[in-house]
Amino acid sequence: MGNQFVLIISASIFCIGTVGFLIRRNPLIMLMSVELMLNSVNFLLIGYSSILQTLDGQIFALIILTVAAAEVVVGLAIILTIFRTRHDLNVDHINVLKG
Amino acid sequence: MFSYAWLILALPLLGFIGLSWFGNKISKKQAGYAGCATVGLSFLVTLVVLSELLALEPEKRLGHVETLYQWVSSGSFKLDLAILIDPLSVFMFLIVTGVGFLIHVYSIEYMKGDPEYSRFFAYMNLFIFSMLLLVAAADFFFLIVGWALVGLASYLLIGFWKEKTSAVLAARKAFVMNVIGDVGMVIAALMIFQNFGSLSYMDVFSAAPDQFRSNDDTMVMITLLLLVGAFAKSAQIPLHTWLPDAMEGPTPVSALIHAATMVTAGVYLIARCHVLYELAPITMYLIAGVGALTAVFAGTMGMVQYDIKRVIAYSTMSQLGYMFLAVGIGVFSFGMFHLMTHAFFKALLFLSAGSVIHGLNGEQDIRKMGGLRFAMPLTHITFLVGAICLAGVPLTSGFFSKEAIIMSSFHAEMGNIVFWAMGVLTAGMTGFYIFRVYFYTFMGKSRNPEAHPHESPKIMAGPLLILAFFALVMGFSAHWVDQFLGPVFGVAAHHYEDSMLEAIVVLAGLGGILIAGIVYMTSKDKLEFAKQALAPVYDVLFNKYYIDEIYDFLIVKPVRAIGAFFEQKVEKEGIDYVVDQVGSQVRGISQGISFLQSGKIRTYALNMVVGMVAILLFVVFL
């Protein structure tokens, strides 16, 4: 039971994150969706760490959290700069790199 | 024991480098003196080497190889930075540095008006260094290095007045002709290495007689290829056309490079490689034949030219023909002896001609000269000395050296009556053309009332007088030269006594002078009459047998046509087309697929998700 519960919750959160990333146009929300996806994986790691009685998963989760925090800093900085220069945060309008 | 002999080469090289770097920072006077000093010191070192060499027994004078360090060592191939000290190389050192020094001194005054004074002396020093390297080389590698450097220096000096189109074209012509020779030399060196496994003179010359029979195909091939280089450098038929044009350079250059030293490199090469040539008698006959032919051929062209320097240039070709004749019939030391006497009197003639040109502010056409014996008494005397030496008037140096060659061309083992007759004919023509110039220039009345000739200053007169002295007396050193060079060539050449033949040679030379006197000193009518009677011949001679035109038609034009074809069909429509197509095709394809780069983050994300799902499905279900 515990096994399946962890898997289902994790997969659900991941899907919510993915869909959120795809359908929202505000980069701030999109960033939050990415966090959601990362945390679904964290959930899986910690869940299995508890089921299998090993510490590896928890250590991994801590590393992921650290990386995610660093990533969010960069992401927020970029978003801030974009907003400053364009006064517009709709990602569909940000297409300067169109081929 | 001759380790200091490196100074002979190092000094002019130092002069070249110094004058190139600091030439603009020092005054003209300093540049000139520096240029002379290096060559002068080099000459002094040569004298020391000579004295030490003379102190040795004649047999022990050979083969002193001074190695500075080993430069290349690859398997069996070894290359030392080394110079060879033996009578032959020291003999050449003396001529190059001695005559070279006098010409440098002369140039101090001659080039005074030139704005690029230090560049001139830098090039002259470079030439002296290159020529010494060529002569001092102890192996074929450095011989070729010196050979090519000499060609470069010649190119730079012929084209010294680079704002003159004709000078630049002449320089290019000389360079191309010389490179033809260089290619022959390089192939010869490769063949020598293939056959002997070494490039050093010592190894090759000692191994050759055991390894090859007389007239062996390989040996004939090697000697012929070396000969291509010798012919190109020494302006022998058919590679002679560059020498008359080379007179575009300043007169001291003509005297130094195109009369006294560089053009004699071919004679030196054959003398140096005499061991190889003696194994290929066929090549020797070819050398003698071409030499005799060039002597006559150049003599005929020299008889009708009006440019004072060109006449002397043709005479140089003609005298080089004598030297080739001499080495071709195996009397190497006579060839070298004529090389030396020729260096003196031909440098003298050129410098005297330069003095005339200087005095007339650049006039070179002998038809516009005349009566200069009053205005330029000293130049008159020195030119006359040069002329009688060249014409072979008895007891002058030219008489001894030329007579020895012509006599051997009949009596020596490989001589025959044809060579002898050509030699005598040339002697007659020599007397004619040089005294034609002399009478035109110094006798009669001035033909140009505008000209105000003036005698050249003392610093130019000094070298002229010294050269005149040596040109007159060096003939008496014939015996000494034979003794000195004898060990190099195995035996001293035999002097043939034949008073009748000797008389004919002398009479031919004097006859030429007499005819020139009759034609040019008496009335104009005879000259015009002779010109008209011989008009067709005259035209052919005046146009130098149309050789330039023939080469233009046979080689230059076809090469240009081939070049134009390749430029259009291969370059533009072939290679360029392929390159252009690669570029435009890549661009086309890129434009076709560039819609994928929409710039929309959500599209990319969707693509990623779809891709991941596809991979997942693939992994799970297949």
# chains A, B, ... in the order shown; residues from 1 in each chain; ligands from 1
call {"tool": "residues_around", "arguments": {"residues": "B:Thr382", "least_positions_apart": "2", "cutoff": "12 Å", "atoms": "only C-alpha atoms", "output": "PDB file with N, CA and C atoms, in the first residue's frame"}}
result
ATOM      1  N   PHE B 344      89.035  41.243 -62.289  1.00  0.00           N
ATOM      2  CA  PHE B 344      89.714  42.543 -62.181  1.00  0.00           C
ATOM      3  C   PHE B 344      89.367  43.450 -63.346  1.00  0.00           C
ATOM      4  N   PHE B 345      89.601  42.964 -64.570  1.00  0.00           N
ATOM      5  CA  PHE B 345      89.443  43.934 -65.659  1.00  0.00           C
ATOM      6  C   PHE B 345      87.985  44.208 -65.973  1.00  0.00           C
ATOM      7  N   LYS B 346      87.090  43.250 -65.677  1.00  0.00           N
ATOM      8  CA  LYS B 346      85.694  43.540 -65.971  1.00  0.00           C
ATOM      9  C   LYS B 346      85.105  44.476 -64.915  1.00  0.00           C
ATOM     10  N   ALA B 347      85.497  44.279 -63.657  1.00  0.00           N
ATOM     11  CA  ALA B 347      85.074  45.239 -62.636  1.00  0.00           C
ATOM     12  C   ALA B 347      85.607  46.619 -62.984  1.00  0.00           C
ATOM     13  N   LEU B 348      86.845  46.647 -63.454  1.00  0.00           N
ATOM     14  CA  LEU B 348      87.457  47.920 -63.842  1.00  0.00           C
ATOM     15  C   LEU B 348      86.660  48.578 -64.965  1.00  0.00           C
ATOM     16  N   LEU B 349      86.325  47.780 -65.993  1.00  0.00           N
ATOM     17  CA  LEU B 349      85.569  48.351 -67.117  1.00  0.00           C
ATOM     18  C   LEU B 349      84.225  48.875 -66.647  1.00  0.00           C
ATOM     19  N   PHE B 350      83.544  48.086 -65.815  1.00  0.00           N
ATOM     20  CA  PHE B 350      82.215  48.514 -65.360  1.00  0.00           C
ATOM     21  C   PHE B 350      82.319  49.782 -64.527  1.00  0.00           C
ATOM     22  N   LEU B 351      83.307  49.813 -63.628  1.00  0.00           N
ATOM     23  CA  LEU B 351      83.420  50.992 -62.779  1.00  0.00           C
ATOM     24  C   LEU B 351      83.826  52.208 -63.599  1.00  0.00           C
ATOM     25  N   SER B 352      84.673  52.004 -64.614  1.00  0.00           N
ATOM     26  CA  SER B 352      85.016  53.127 -65.483  1.00  0.00           C
ATOM     27  C   SER B 352      83.781  53.589 -66.242  1.00  0.00           C
ATOM     28  N   ALA B 353      83.008  52.619 -66.743  1.00  0.00           N
ATOM     29  CA  ALA B 353      81.767  52.982 -67.427  1.00  0.00           C
ATOM     30  C   ALA B 353      80.854  53.728 -66.463  1.00  0.00           C
ATOM     31  N   GLY B 354      80.833  53.251 -65.195  1.00  0.00           N
ATOM     32  CA  GLY B 354      80.023  53.938 -64.190  1.00  0.00           C
ATOM     33  C   GLY B 354      80.514  55.357 -63.987  1.00  0.00           C
ATOM     34  N   SER B 355      81.819  55.533 -64.011  1.00  0.00           N
ATOM     35  CA  SER B 355      82.391  56.869 -63.856  1.00  0.00           C
ATOM     36  C   SER B 355      81.954  57.763 -65.016  1.00  0.00           C
ATOM     37  N   VAL B 356      81.935  57.187 -66.231  1.00  0.00           N
ATOM     38  CA  VAL B 356      81.464  57.944 -67.398  1.00  0.00           C
ATOM     39  C   VAL B 356      80.000  58.321 -67.216  1.00  0.00           C
ATOM     40  N   ARG B 373      88.058  61.996 -73.480  1.00  0.00           N
ATOM     41  CA  ARG B 373      89.442  61.836 -73.011  1.00  0.00           C
ATOM     42  C   ARG B 373      89.975  63.135 -72.413  1.00  0.00           C
ATOM     43  N   MET B 376      87.655  63.649 -68.908  1.00  0.00           N
ATOM     44  CA  MET B 376      87.835  62.636 -67.868  1.00  0.00           C
ATOM     45  C   MET B 376      89.127  61.866 -68.124  1.00  0.00           C
ATOM     46  N   PRO B 377      90.277  62.508 -67.954  1.00  0.00           N
ATOM     47  CA  PRO B 377      91.540  61.839 -68.308  1.00  0.00           C
ATOM     48  C   PRO B 377      91.766  60.547 -67.540  1.00  0.00           C
ATOM     49  N   LEU B 378      91.421  60.551 -66.228  1.00  0.00           N
ATOM     50  CA  LEU B 378      91.707  59.369 -65.423  1.00  0.00           C
ATOM     51  C   LEU B 378      90.826  58.199 -65.841  1.00  0.00           C
ATOM     52  N   THR B 379      89.544  58.477 -65.988  1.00  0.00           N
ATOM     53  CA  THR B 379      88.626  57.427 -66.418  1.00  0.00           C
ATOM     54  C   THR B 379      89.039  56.905 -67.785  1.00  0.00           C
ATOM     55  N   HIS B 380      89.503  57.807 -68.619  1.00  0.00           N
ATOM     56  CA  HIS B 380      89.969  57.418 -69.951  1.00  0.00           C
ATOM     57  C   HIS B 380      91.071  56.377 -69.839  1.00  0.00           C
ATOM     58  N   LEU B 384      90.803  52.425 -70.780  1.00  0.00           N
ATOM     59  CA  LEU B 384      91.708  51.904 -71.799  1.00  0.00           C
ATOM     60  C   LEU B 384      92.444  50.674 -71.270  1.00  0.00           C
ATOM     61  N   VAL B 385      92.878  50.734 -70.007  1.00  0.00           N
ATOM     62  CA  VAL B 385      93.563  49.577 -69.417  1.00  0.00           C
ATOM     63  C   VAL B 385      92.630  48.372 -69.424  1.00  0.00           C
ATOM     64  N   GLY B 386      91.382  48.601 -68.966  1.00  0.00           N
ATOM     65  CA  GLY B 386      90.411  47.510 -68.963  1.00  0.00           C
ATOM     66  C   GLY B 386      90.211  46.960 -70.359  1.00  0.00           C
ATOM     67  N   ALA B 387      90.144  47.862 -71.343  1.00  0.00           N
ATOM     68  CA  ALA B 387      89.870  47.445 -72.715  1.00  0.00           C
ATOM     69  C   ALA B 387      91.021  46.623 -73.280  1.00  0.00           C
ATOM     70  N   ILE B 388      92.252  47.036 -73.034  1.00  0.00           N
ATOM     71  CA  ILE B 388      93.350  46.250 -73.608  1.00  0.00           C
ATOM     72  C   ILE B 388      93.474  44.897 -72.911  1.00  0.00           C
ATOM     73  N   CYS B 389      93.152  44.865 -71.614  1.00  0.00           N
ATOM     74  CA  CYS B 389      93.159  43.564 -70.927  1.00  0.00           C
ATOM     75  C   CYS B 389      92.102  42.659 -71.535  1.00  0.00           C
ATOM     76  N   TYR B 438      85.185  52.190 -76.812  1.00  0.00           N
ATOM     77  CA  TYR B 438      86.241  53.126 -76.414  1.00  0.00           C
ATOM     78  C   TYR B 438      86.300  54.311 -77.378  1.00  0.00           C
ATOM     79  N   PHE B 442      85.481  57.921 -75.874  1.00  0.00           N
ATOM     80  CA  PHE B 442      86.580  58.786 -75.457  1.00  0.00           C
ATOM     81  C   PHE B 442      87.230  59.551 -76.610  1.00  0.00           C
ATOM     82  N   MET B 460      86.197  57.654 -55.946  1.00  0.00           N
ATOM     83  CA  MET B 460      85.904  56.722 -57.033  1.00  0.00           C
ATOM     84  C   MET B 460      87.172  56.377 -57.794  1.00  0.00           C
ATOM     85  N   ALA B 461      88.095  57.333 -57.855  1.00  0.00           N
ATOM     86  CA  ALA B 461      89.316  57.107 -58.631  1.00  0.00           C
ATOM     87  C   ALA B 461      90.192  56.049 -57.979  1.00  0.00           C
ATOM     88  N   GLY B 462      90.221  56.013 -56.647  1.00  0.00           N
ATOM     89  CA  GLY B 462      91.074  55.061 -55.929  1.00  0.00           C
ATOM     90  C   GLY B 462      90.845  53.626 -56.375  1.00  0.00           C
ATOM     91  N   PRO B 463      89.608  53.115 -56.208  1.00  0.00           N
ATOM     92  CA  PRO B 463      89.351  51.742 -56.650  1.00  0.00           C
ATOM     93  C   PRO B 463      89.688  51.524 -58.120  1.00  0.00           C
ATOM     94  N   LEU B 464      89.427  52.537 -58.960  1.00  0.00           N
ATOM     95  CA  LEU B 464      89.728  52.379 -60.382  1.00  0.00           C
ATOM     96  C   LEU B 464      91.222  52.145 -60.589  1.00  0.00           C
ATOM     97  N   LEU B 465      92.039  52.940 -59.894  1.00  0.00           N
ATOM     98  CA  LEU B 465      93.487  52.812 -60.084  1.00  0.00           C
ATOM     99  C   LEU B 465      93.990  51.473 -59.560  1.00  0.00           C
ATOM    100  N   ILE B 466      93.467  51.066 -58.385  1.00  0.00           N
ATOM    101  CA  ILE B 466      93.920  49.785 -57.823  1.00  0.00           C
ATOM    102  C   ILE B 466      93.548  48.648 -58.767  1.00  0.00           C
ATOM    103  N   LEU B 467      92.300  48.678 -59.255  1.00  0.00           N
ATOM    104  CA  LEU B 467      91.869  47.617 -60.167  1.00  0.00           C
ATOM    105  C   LEU B 467      92.698  47.645 -61.441  1.00  0.00           C
ATOM    106  N   ALA B 468      92.993  48.845 -61.937  1.00  0.00           N
ATOM    107  CA  ALA B 468      93.777  48.949 -63.170  1.00  0.00           C
ATOM    108  C   ALA B 468      95.149  48.331 -62.973  1.00  0.00           C
ATOM    109  N   PHE B 469      95.738  48.606 -61.803  1.00  0.00           N
ATOM    110  CA  PHE B 469      97.047  48.032 -61.510  1.00  0.00           C
ATOM    111  C   PHE B 469      96.984  46.502 -61.545  1.00  0.00           C
ATOM    112  N   PHE B 470      96.007  45.951 -60.821  1.00  0.00           N
ATOM    113  CA  PHE B 470      95.914  44.487 -60.771  1.00  0.00           C
ATOM    114  C   PHE B 470      95.572  43.912 -62.135  1.00  0.00           C
ATOM    115  N   ALA B 471      94.714  44.606 -62.888  1.00  0.00           N
ATOM    116  CA  ALA B 471      94.352  44.100 -64.207  1.00  0.00           C
ATOM    117  C   ALA B 471      95.585  44.016 -65.093  1.00  0.00           C
ATOM    118  N   LEU B 472      96.499  44.938 -64.925  1.00  0.00           N
ATOM    119  CA  LEU B 472      97.693  44.924 -65.770  1.00  0.00           C
ATOM    120  C   LEU B 472      98.675  43.830 -65.349  1.00  0.00           C
TER     121      LEU B 472
END
call {"tool": "interface_residues", "arguments": {"of": "chain B", "to": "chain A", "cutoff": "10 Å", "atoms": "only C-alpha atoms", "output": "mmCIF file with C-alpha atoms, in the first residue's frame"}}
result
data_model
loop_
_atom_site.group_PDB
_atom_site.id
_atom_site.type_symbol
_atom_site.label_atom_id
_atom_site.label_comp_id
_atom_site.auth_asym_id
_atom_site.auth_seq_id
_atom_site.Cartn_x
_atom_site.Cartn_y
_atom_site.Cartn_z
ATOM 1 C CA SER B 590 18.804 25.877 -42.910
ATOM 2 C CA GLN B 591 16.150 28.280 -44.079
ATOM 3 C CA ILE B 593 14.052 24.041 -41.203
ATOM 4 C CA SER B 594 14.388 27.323 -39.363
ATOM 5 C CA PHE B 595 10.656 27.362 -38.482
ATOM 6 C CA LEU B 596 11.530 24.901 -35.716
ATOM 7 C CA GLN B 597 13.254 27.706 -33.899
ATOM 8 C CA SER B 598 10.024 29.473 -33.066
ATOM 9 C CA GLY B 599 11.431 31.276 -30.045
ATOM 10 C CA LYS B 600 8.393 30.212 -27.949
ATOM 11 C CA ILE B 601 9.395 28.527 -24.696
ATOM 12 C CA ARG B 602 6.081 26.670 -24.321
ATOM 13 C CA THR B 603 6.447 25.090 -27.754
ATOM 14 C CA TYR B 604 9.877 23.837 -26.844
ATOM 15 C CA ALA B 605 8.561 22.500 -23.551
ATOM 16 C CA LEU B 606 5.707 20.725 -25.286
ATOM 17 C CA VAL B 609 7.351 16.460 -23.043
#
call {"tool": "residues_around", "arguments": {"residues": "A:Ser50", "least_positions_apart": "6", "cutoff": "12 Å", "atoms": "only C-alpha atoms", "output": "PDB file with C-alpha atoms, in the first residue's frame"}}
result
ATOM      1  CA  GLY A   2       2.696   2.509   1.063  1.00  0.00           C
ATOM      2  CA  ASN A   3       4.641   1.735  -2.041  1.00  0.00           C
ATOM      3  CA  VAL A   6       4.124   7.180  -2.839  1.00  0.00           C
ATOM      4  CA  PHE A  43       8.896  13.133  -2.527  1.00  0.00           C
ATOM      5  CA  LEU A  44       9.579   9.883  -4.337  1.00  0.00           C
ATOM      6  CA  ASP A  56      20.727   7.603   0.258  1.00  0.00           C
ATOM      7  CA  GLY A  57      17.385   8.973  -0.942  1.00  0.00           C
ATOM      8  CA  GLN A  58      17.243  11.647   1.725  1.00  0.00           C
TER       9      GLN A  58
END
call {"tool": "residues_around", "arguments": {"residues": "A:Leu28", "least_positions_apart": "5", "cutoff": "9 Å", "atoms": "only C-alpha atoms", "output": "NGL selection string"}}
result
:A and (33 or 75-76 or 79 or 89)
call {"tool": "write_last_selection", "arguments": {"atoms": "N, CA and C atoms", "output": "PDB file, in the first residue's frame"}}
result
ATOM      1  N   SER A  33       5.975  25.819 -11.326  1.00  0.00           N
ATOM      2  CA  SER A  33       5.643  24.490 -11.848  1.00  0.00           C
ATOM      3  C   SER A  33       6.881  23.612 -11.906  1.00  0.00           C
ATOM      4  N   GLY A  75      16.839  32.003 -12.126  1.00  0.00           N
ATOM      5  CA  GLY A  75      15.591  32.182 -12.878  1.00  0.00           C
ATOM      6  C   GLY A  75      14.910  33.480 -12.501  1.00  0.00           C
ATOM      7  N   LEU A  76      14.787  33.741 -11.196  1.00  0.00           N
ATOM      8  CA  LEU A  76      14.110  34.965 -10.758  1.00  0.00           C
ATOM      9  C   LEU A  76      14.856  36.200 -11.242  1.00  0.00           C
ATOM     10  N   ILE A  79      13.976  36.723 -14.823  1.00  0.00           N
ATOM     11  CA  ILE A  79      12.605  37.234 -14.947  1.00  0.00           C
ATOM     12  C   ILE A  79      12.550  38.708 -14.577  1.00  0.00           C
ATOM     13  N   LEU A  89       5.410  40.302 -19.031  1.00  0.00           N
ATOM     14  CA  LEU A  89       5.951  39.013 -18.606  1.00  0.00           C
ATOM     15  C   LEU A  89       5.318  37.835 -19.312  1.00  0.00           C
TER      16      LEU A  89
END
call {"tool": "residues_around", "arguments": {"residues": "B:Glu109", "least_positions_apart": "4", "cutoff": "8 Å", "atoms": "only C-alpha atoms", "output": "NGL selection string"}}
result
:B and (105 or 457 or 459-460)
call {"tool": "write_last_selection", "arguments": {"atoms": "C-alpha atoms", "output": "compact mmCIF listing (two decimals), in the first residue's frame"}}
result
# COMPACT_ATOMS: atom_id res chain seq x y z
CA VAL B 105 84.38 51.93 -51.65
CA PRO B 457 85.97 62.46 -57.35
CA ILE B 459 87.06 58.21 -53.72
CA MET B 460 85.90 56.72 -57.03
call {"tool": "atom_distance", "arguments": {"atom1": "atom CA of B:His454", "atom2": "atom CA of B:Ile103"}}
result
20.5 Å
call {"tool": "closest_residue", "arguments": {"among": "A:Val74, A:Ile59, A:Ala69, A:Val41", "to": "A:Ile8", "atoms": "only C-alpha atoms"}}
result
A:Val41
call {"tool": "select_by_dssp", "arguments": {"residues": "stretch 65-96 of chain A", "states": "helix (DSSP H, G or I)", "output": "PDB file with C-alpha atoms, in the first residue's frame"}}
result
ATOM      1  CA  LEU A  65      16.800  21.110  -2.914  1.00  0.00           C
ATOM      2  CA  THR A  66      20.094  22.981  -2.921  1.00  0.00           C
ATOM      3  CA  VAL A  67      20.384  22.901  -6.681  1.00  0.00           C
ATOM      4  CA  ALA A  68      16.764  23.974  -7.048  1.00  0.00           C
ATOM      5  CA  ALA A  69      17.312  26.935  -4.746  1.00  0.00           C
ATOM      6  CA  ALA A  70      20.308  28.056  -6.790  1.00  0.00           C
ATOM      7  CA  GLU A  71      18.365  27.610  -9.983  1.00  0.00           C
ATOM      8  CA  VAL A  72      15.461  29.636  -8.712  1.00  0.00           C
ATOM      9  CA  VAL A  73      17.794  32.500  -7.878  1.00  0.00           C
ATOM     10  CA  VAL A  74      19.050  32.598 -11.446  1.00  0.00           C
ATOM     11  CA  GLY A  75      15.591  32.182 -12.878  1.00  0.00           C
ATOM     12  CA  LEU A  76      14.110  34.965 -10.758  1.00  0.00           C
ATOM     13  CA  ALA A  77      16.980  37.257 -11.674  1.00  0.00           C
ATOM     14  CA  ILE A  78      16.312  36.652 -15.374  1.00  0.00           C
ATOM     15  CA  ILE A  79      12.605  37.234 -14.947  1.00  0.00           C
ATOM     16  CA  LEU A  80      13.281  40.449 -13.050  1.00  0.00           C
ATOM     17  CA  THR A  81      15.572  41.714 -15.824  1.00  0.00           C
ATOM     18  CA  ILE A  82      13.052  40.822 -18.508  1.00  0.00           C
ATOM     19  CA  PHE A  83      10.340  42.682 -16.672  1.00  0.00           C
ATOM     20  CA  ARG A  84      12.547  45.720 -16.198  1.00  0.00           C
ATOM     21  CA  THR A  85      13.375  46.001 -19.881  1.00  0.00           C
ATOM     22  CA  ARG A  86      10.028  44.982 -21.450  1.00  0.00           C
ATOM     23  CA  VAL A  91       6.371  34.262 -22.354  1.00  0.00           C
ATOM     24  CA  ASP A  92       4.620  34.075 -25.712  1.00  0.00           C
ATOM     25  CA  HIS A  93       5.781  37.597 -26.433  1.00  0.00           C
TER      26      HIS A  93
END
